[in-house]
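Read through the structure below, which is laid out as structure tokens, and then see the notes.
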Amino acid sequence: MVSTEPGVVAFPRRSPGQVTPPDGYADLRARPGLCRTVLPGGTPVWLVARHEDVRAALTDPRLSSDPSKPGFPATGGAPEALPGWFVAMDAPEHTRYRKLLIPEFTVRKVRELRPGIQQVVDERIDAMLAAGNSADLVAAFCLVLPSLVICQLLGVPYEDHEHFESRTRVLVSLASTARQREVALGEINTYLTELIAAKRAQPGEDLISRLIDGGVLDDAELLGVAMLLLVAGHETTANMLSLGVVTLLENPQWIGHEGVVEELLRFFSISDVVSLRVATEDLEISGQLIRRGEGVAPLGLAAGHDGTVFEDAGEFCPARSARHHVAFGYGIHQCIGQHLARLEMEVALTTLFERVPRLRLAVPADELEFKHDGVLFGLYELPVRW
């Protein structure tokens, strides 16, 4: 990892074709204290790479998730300051939204969705098999499944999926300009505003209708919550599914193992630089003084590959106990939809390999195009045959 100035390291990024953590992550963990870098958006931050330190950073109330705080690091990407966009809030505002939504995403509540998820998976595989002996698995399966599920949950008509999927791609791409993100955000806003108005007039049996009926959120807050759940509820899982398929095709001995989902989450931790923070007062992490107003980037992927916590961390090994990874974050901001994501991955990967046992890549693995330019890691396309 090349130093740009004394005490500052270049921001470590995956190289094209590299799916494992950037080489620089191991160096970050080996150095005493913390390292300083500049994010792709130009903001200086402290990098937190060791598992213990990442968990400490994600639970320290002196590190704020609020992008309106002075010094908050910015990378572009998804909206961060909307009413209802509660991942960008601190307690007590964050707590208010989370308490409202937790009952919708409990283990028991999500377990009730299994039959519907299984039906969607089976229908998508049926359609793939009926269409021939090859497909782009991202478009035909990995993206369709979580989009359909989140649409059903929220009450969003699936026929509108291309509208929100295309705008989401703009929001999570680091290559997008500020103007492109502004336009994409505005178009999703308009769509969801009209949908919410329609549901006020004619409620359904869905989450948005239940939130309206609860009467706790105003329209602006409801819009932010709906957008967060819609955007985060399909793009993240879609990326994990495509990476999971590639990994299992290259490691077929692990197909069907009960530890596959947790190990995939640890191994890839696709939302690595999402949990940005800013110090609201002076504090120390790993002996490093972080002053008020300085940004912090806890690296979930680096934590997931900490060899002091996960033996032979660079190896994909579902037999290990990986439940204590931080791919979903940690502390009060831990992903509220984690149980749903786990269930979708389990059902999708298990069923796909059971029903399509001859599944194989249609191109060499080193020719696959990975998302090195995004807030979230994944695959743009996944050509397969069977």
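Note on naming: chains are A, B, ... as they come in the structure tokens, residues start from 1 per chain, ligands start from 1 in the order shown.
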
Region 113-118 of chain A: which residues within 9 Å, counting only C-alpha atoms, same-chain residues fewer than 2 positions away excluded, as a ChimeraX atom specification? /A:109-111,120-123,145-146,148-149,340,343-344,347-348,351

Go ahead and dump the residues you just picked, all heavy atoms, as a compact mmCIF listing (two decimals), in the first residue's frame.
# COMPACT_ATOMS: atom_id res chain seq x y z
N LYS A 109 -41.40 -13.42 12.32
CA LYS A 109 -42.13 -12.77 11.23
C LYS A 109 -41.52 -13.14 9.88
O LYS A 109 -42.24 -13.43 8.91
CB LYS A 109 -42.09 -11.25 11.42
CG LYS A 109 -43.00 -10.48 10.49
CD LYS A 109 -44.43 -10.53 10.97
CE LYS A 109 -45.31 -9.58 10.17
NZ LYS A 109 -46.71 -9.62 10.63
N VAL A 110 -40.20 -13.15 9.81
CA VAL A 110 -39.54 -13.48 8.55
C VAL A 110 -39.75 -14.96 8.22
O VAL A 110 -39.93 -15.32 7.04
CB VAL A 110 -38.04 -13.15 8.64
CG1 VAL A 110 -37.26 -13.77 7.49
CG2 VAL A 110 -37.84 -11.63 8.66
N ARG A 111 -39.77 -15.82 9.23
CA ARG A 111 -39.98 -17.24 8.99
C ARG A 111 -41.33 -17.48 8.30
O ARG A 111 -41.47 -18.41 7.48
CB ARG A 111 -39.91 -18.01 10.31
CG ARG A 111 -39.87 -19.52 10.14
CD ARG A 111 -39.80 -20.22 11.49
NE ARG A 111 -38.57 -19.89 12.20
CZ ARG A 111 -38.53 -19.40 13.42
NH1 ARG A 111 -39.65 -19.15 14.08
NH2 ARG A 111 -37.37 -19.13 14.00
N VAL A 120 -41.50 -17.95 -5.05
CA VAL A 120 -40.84 -17.04 -5.99
C VAL A 120 -39.59 -17.70 -6.59
O VAL A 120 -39.35 -17.64 -7.80
CB VAL A 120 -40.45 -15.72 -5.29
CG1 VAL A 120 -39.56 -14.86 -6.20
CG2 VAL A 120 -41.70 -14.93 -4.91
N VAL A 121 -38.79 -18.35 -5.75
CA VAL A 121 -37.58 -19.03 -6.22
C VAL A 121 -37.93 -20.10 -7.24
O VAL A 121 -37.33 -20.20 -8.32
CB VAL A 121 -36.81 -19.64 -5.04
CG1 VAL A 121 -35.70 -20.57 -5.53
CG2 VAL A 121 -36.20 -18.53 -4.17
N ASP A 122 -38.93 -20.93 -6.93
CA ASP A 122 -39.32 -22.00 -7.84
C ASP A 122 -39.84 -21.45 -9.17
O ASP A 122 -39.51 -21.98 -10.24
CB ASP A 122 -40.38 -22.88 -7.19
CG ASP A 122 -39.82 -23.80 -6.12
OD1 ASP A 122 -38.64 -24.18 -6.24
OD2 ASP A 122 -40.54 -24.13 -5.17
N GLU A 123 -40.61 -20.39 -9.10
CA GLU A 123 -41.15 -19.81 -10.33
C GLU A 123 -40.04 -19.22 -11.20
O GLU A 123 -40.08 -19.34 -12.43
CB GLU A 123 -42.18 -18.73 -9.98
CG GLU A 123 -43.48 -19.30 -9.42
CD GLU A 123 -44.43 -18.21 -8.95
OE1 GLU A 123 -44.01 -17.02 -8.89
OE2 GLU A 123 -45.59 -18.54 -8.63
N LEU A 145 -35.31 -12.15 -7.57
CA LEU A 145 -35.81 -12.69 -6.30
C LEU A 145 -35.96 -11.63 -5.22
O LEU A 145 -37.07 -11.41 -4.70
CB LEU A 145 -34.92 -13.83 -5.83
CG LEU A 145 -35.14 -14.29 -4.38
CD1 LEU A 145 -36.56 -14.82 -4.19
CD2 LEU A 145 -34.12 -15.33 -3.96
N PRO A 146 -34.89 -10.92 -4.82
CA PRO A 146 -35.07 -9.93 -3.75
C PRO A 146 -35.96 -8.77 -4.16
O PRO A 146 -36.65 -8.19 -3.30
CB PRO A 146 -33.64 -9.46 -3.45
CG PRO A 146 -32.85 -9.81 -4.65
CD PRO A 146 -33.47 -11.03 -5.23
N LEU A 148 -38.66 -8.99 -6.13
CA LEU A 148 -40.02 -9.48 -5.96
C LEU A 148 -40.42 -9.54 -4.50
O LEU A 148 -41.51 -9.13 -4.11
CB LEU A 148 -40.15 -10.86 -6.60
CG LEU A 148 -40.55 -10.93 -8.06
CD1 LEU A 148 -40.31 -12.32 -8.62
CD2 LEU A 148 -42.00 -10.51 -8.25
N VAL A 149 -39.51 -10.04 -3.67
CA VAL A 149 -39.82 -10.21 -2.24
C VAL A 149 -40.05 -8.86 -1.57
O VAL A 149 -41.02 -8.68 -0.84
CB VAL A 149 -38.70 -10.99 -1.53
CG1 VAL A 149 -38.91 -10.98 -0.02
CG2 VAL A 149 -38.66 -12.43 -2.03
N LEU A 340 -34.24 -11.49 6.94
CA LEU A 340 -34.83 -11.66 5.61
C LEU A 340 -33.76 -11.98 4.58
O LEU A 340 -33.93 -12.87 3.74
CB LEU A 340 -35.59 -10.40 5.21
CG LEU A 340 -36.23 -10.41 3.81
CD1 LEU A 340 -37.24 -11.55 3.69
CD2 LEU A 340 -36.90 -9.07 3.53
N LEU A 343 -32.60 -15.58 4.96
CA LEU A 343 -33.58 -16.55 4.47
C LEU A 343 -33.62 -16.59 2.95
O LEU A 343 -33.66 -17.67 2.35
CB LEU A 343 -34.97 -16.20 5.03
CG LEU A 343 -36.10 -17.14 4.61
CD1 LEU A 343 -35.82 -18.57 5.05
CD2 LEU A 343 -37.44 -16.65 5.17
N GLU A 344 -33.58 -15.44 2.32
CA GLU A 344 -33.57 -15.40 0.86
C GLU A 344 -32.35 -16.11 0.30
O GLU A 344 -32.44 -16.88 -0.68
CB GLU A 344 -33.60 -13.95 0.37
CG GLU A 344 -34.93 -13.25 0.59
CD GLU A 344 -34.90 -11.82 0.09
OE1 GLU A 344 -35.08 -11.61 -1.12
OE2 GLU A 344 -34.70 -10.90 0.92
N VAL A 347 -32.73 -20.08 0.89
CA VAL A 347 -33.71 -20.72 0.01
C VAL A 347 -33.23 -20.68 -1.44
O VAL A 347 -33.31 -21.68 -2.17
CB VAL A 347 -35.09 -20.03 0.15
CG1 VAL A 347 -36.07 -20.60 -0.88
CG2 VAL A 347 -35.64 -20.21 1.56
N ALA A 348 -32.71 -19.53 -1.86
CA ALA A 348 -32.30 -19.38 -3.25
C ALA A 348 -31.14 -20.29 -3.61
O ALA A 348 -31.18 -21.00 -4.63
CB ALA A 348 -31.93 -17.93 -3.53
N THR A 351 -32.11 -24.19 -3.31
CA THR A 351 -33.03 -24.63 -4.36
C THR A 351 -32.36 -24.61 -5.73
O THR A 351 -32.55 -25.52 -6.54
CB THR A 351 -34.28 -23.75 -4.38
OG1 THR A 351 -34.86 -23.70 -3.07
CG2 THR A 351 -35.32 -24.30 -5.35

Write out as a PyMOL selection string the residues lying within 12 Å of Pro40 (chain A), counting only C-alpha atoms and excluding same-chain residues fewer than 6 positions away. chain A and resi 10-13+73-77+173-175+273+373-375

DSSP-assigned helix (DSSP H, G or I) among region 120-360 of chain A, expressed as a ChimeraX atom specification: /A:120-131,137-142,144-154,158-171,178-201,207-214,219-250,252-254,260-268,300-304,331-333,338-355

How far is it from CA of Asp213 (chain A) to CA of Ala197 (chain A), in Å with one decimal?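 Distance between the two atoms: 12.6 Å.
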
Tell me which protein, DNA and RNA residues are within 10 Å of Val246 (chain A), counting only C-alpha atoms, leaving out same-chain ones fewer than 2 positions away, and put them as a list in words.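 Near neighbours after the sequence-gap exclusion: Leu241, Ser242, Leu243, Gly244, Leu248, Leu249, Glu250, Asn251, Pro252, Arg360, Leu361, Ala365, Leu368, Leu379, Leu382 and Val384 of chain A.
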
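Taking only C-alpha atoms into account, His333 (chain A) lies nearest to A:Ser275 out of the set A:Gly71, A:Leu129, A:Ser275, A:Leu217.
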
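For Asp218 (chain A), the residues within 12 Å (counting only C-alpha atoms, excluding itself and residues fewer than 3 positions away along the chain) are Pro83, Gly84, Thr193, Ile196, Ala197, Arg200, Leu211, Ile212, Asp213, Gly214, Gly215, Glu221, Leu222, Leu223, Gly224 and Val225 of chain A.
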
Among the residues A:Ile285, A:Ala327, A:Ala57, A:Met89, the one that comes closest to Leu264 (chain A) [using only C-alpha atoms]: A:Ala327

Which residues come within 12 Å of region 157-164 of chain A, counting only C-alpha atoms, excluding same-chain residues fewer than 6 positions away, as a PyMOL selection string? chain A and resi 139+143-151+170-171+184-192+195+198-199+204+206+226-235
